[in-house]
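See structure below.
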Amino acid sequence: MRPPAAVEEDVEDLKAQVAKLTAELKGIRETLAAGADEATGEDADEEEAPEDGEPESEEDEWQYPPFIALLEGDLRDEELRALAEWVEGVLVPGYLGEASADARWCHRWLEHQDAVLWLHGLWLAWQELTDPVSCGYTGPSVWHRDHYLPAMNELRKSSGTFQGCTKGEHSIAHRLPGRVPSAWWYEDSEQ
């Protein structure tokens with residue numbers, strides 16, 4: 001049995017660790033609130049969440065970022081632009097090799113509604129699982145195994161979403177969403 005002084009020391013160490021984690025969590029919440037306030041143009045002092053972490057209303061219960069299928073109008077357009085930046089800036093150059101009959105890809109993926117949904121889900125998982133603070137250091141491995149591989153298998157297989165799209169050609173037999181103004185969309189792009 002450990003002497004009472006050693007147990008007391010352990011308790012004090014645990015209290016210090018809890019205080020440190022509480023302070024870090026408060027800092028993260030303040031940073032997130034400041035970022036949300038900048039995005040909406042509101043002051044951080046106008047509304048603050050209750051100290052106990054309970055939401056004040058149903059609106060506070062909504063967790064961001066929401067799945068793109070739930071968005072409309074300007075919110076959807078903004079999310080599509082951000083998704084396009086991630087797909088074209090991270091996913092395509094970092095993960096996708098040359099397209100082939102067994103691993104298809106469509107440079108006009110924004111026109112494939114199911115591809116947008118798959119890629120948005122993949123991106124949401126990327127945001128969560130590549131942050132060691134929220135998921136530890138195994139997050140990227142989990143992302144690859146549980147999210148990237150299933151999504152790419154579904155999108156790129158020969159009978160998948162991009163089945164009618166080959167290098168230089170694009171299938172037009174799919175549903176077209178409204179056009180989204182984006183740095184990645186050009187009126188004069190290849191058709």
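Residue names in the structure tokens use chain letters A, B, ... in the order shown, residue numbers from 1 in each chain, and ligand numbers from 1 in the order shown.
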
Hey, what's within 7 Å of Leu122 in chain A if we count only C-alpha atoms and toss same-chain stuff fewer than 3 positions away? As an mmCIF file with N, CA, C and O atoms, in the first residue's frame, please?
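Wrote around_9.cif, looks like this:
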```cif
data_model
loop_
_atom_site.group_PDB
_atom_site.id
_atom_site.type_symbol
_atom_site.label_atom_id
_atom_site.label_comp_id
_atom_site.auth_asym_id
_atom_site.auth_seq_id
_atom_site.Cartn_x
_atom_site.Cartn_y
_atom_site.Cartn_z
ATOM 1 N N TRP A 118 -19.920 12.209 -51.465
ATOM 2 C CA TRP A 118 -18.837 11.339 -51.004
ATOM 3 C C TRP A 118 -17.619 12.171 -50.593
ATOM 4 O O TRP A 118 -17.020 11.944 -49.538
ATOM 5 N N LEU A 119 -17.232 13.111 -51.450
ATOM 6 C CA LEU A 119 -16.020 13.897 -51.187
ATOM 7 C C LEU A 119 -16.208 14.832 -49.995
ATOM 8 O O LEU A 119 -15.262 15.064 -49.236
ATOM 9 N N ALA A 125 -14.305 14.131 -42.532
ATOM 10 C CA ALA A 125 -13.506 13.171 -41.764
ATOM 11 C C ALA A 125 -12.041 13.589 -41.737
ATOM 12 O O ALA A 125 -11.370 13.467 -40.712
ATOM 13 N N TRP A 126 -11.536 14.101 -42.847
ATOM 14 C CA TRP A 126 -10.146 14.587 -42.922
ATOM 15 C C TRP A 126 -9.917 15.684 -41.880
ATOM 16 O O TRP A 126 -8.915 15.680 -41.167
ATOM 17 N N HIS A 147 -12.211 5.883 -44.301
ATOM 18 C CA HIS A 147 -12.869 6.922 -45.101
ATOM 19 C C HIS A 147 -12.331 7.012 -46.522
ATOM 20 O O HIS A 147 -13.091 6.913 -47.479
ATOM 21 N N TYR A 148 -11.026 7.217 -46.659
ATOM 22 C CA TYR A 148 -10.442 7.403 -47.981
ATOM 23 C C TYR A 148 -10.641 6.182 -48.885
ATOM 24 O O TYR A 148 -11.157 6.301 -49.993
#
```

Residue neighbourhood Trp86 in chain A, 12 Å, only C-alpha atoms, exclusion window fewer than 5 positions, as number ranges by chain: A: 79-81, 91-95, 119-120, 122-124, 126-127, 183-184

Who sits within 7 Å of range 161-165 of chain A, only C-alpha atoms, same chain under 6 positions skipped, as a PyMOL selection string: chain A and resi 104-106+115+155+171

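Coordinates place CA of Gly160 in chain A at a distance of 24.4 Å from CA of Ser141 in chain A.
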
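Going from CA of Leu117 in chain A over to CA of Thr138 in chain A, you cover 24.9 Å.
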
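Checking A:Ala19, A:Gly89, A:Gly121, A:Gly35 one by one against Ala69 in chain A, counting only C-alpha atoms, you find the shortest gap at A:Gly121.
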
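In this comparison, which uses only C-alpha atoms, the residue of A:Leu32, A:Leu25, A:Ala103, A:Ala82 approaching Ser158 in chain A most closely is A:Ala103.
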
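Here CA of Trp143 in chain A and CA of Gln113 in chain A stand 22.2 Å from one another.
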
Filtered DSSP result for range 61-166 of chain A, state alpha helix (DSSP H), as a count of residues only: 53

Give me the range 16-37 of chain A side of the contact with range 133-137 of chain A, cut-off 12 Å, one line per residue showing its nearest atom pair and distance in Å at one decimal, counting only C-alpha atoms, sorted by chain and residue number, as JSON lines.
```
{"residue": "A:Leu21", "atom": "CA", "partner": "A:Val133", "partner_atom": "CA", "distance": 11.4}
{"residue": "A:Glu24", "atom": "CA", "partner": "A:Val133", "partner_atom": "CA", "distance": 10.5}
{"residue": "A:Leu25", "atom": "CA", "partner": "A:Val133", "partner_atom": "CA", "distance": 10.5}
{"residue": "A:Ile28", "atom": "CA", "partner": "A:Val133", "partner_atom": "CA", "distance": 10.3}
```
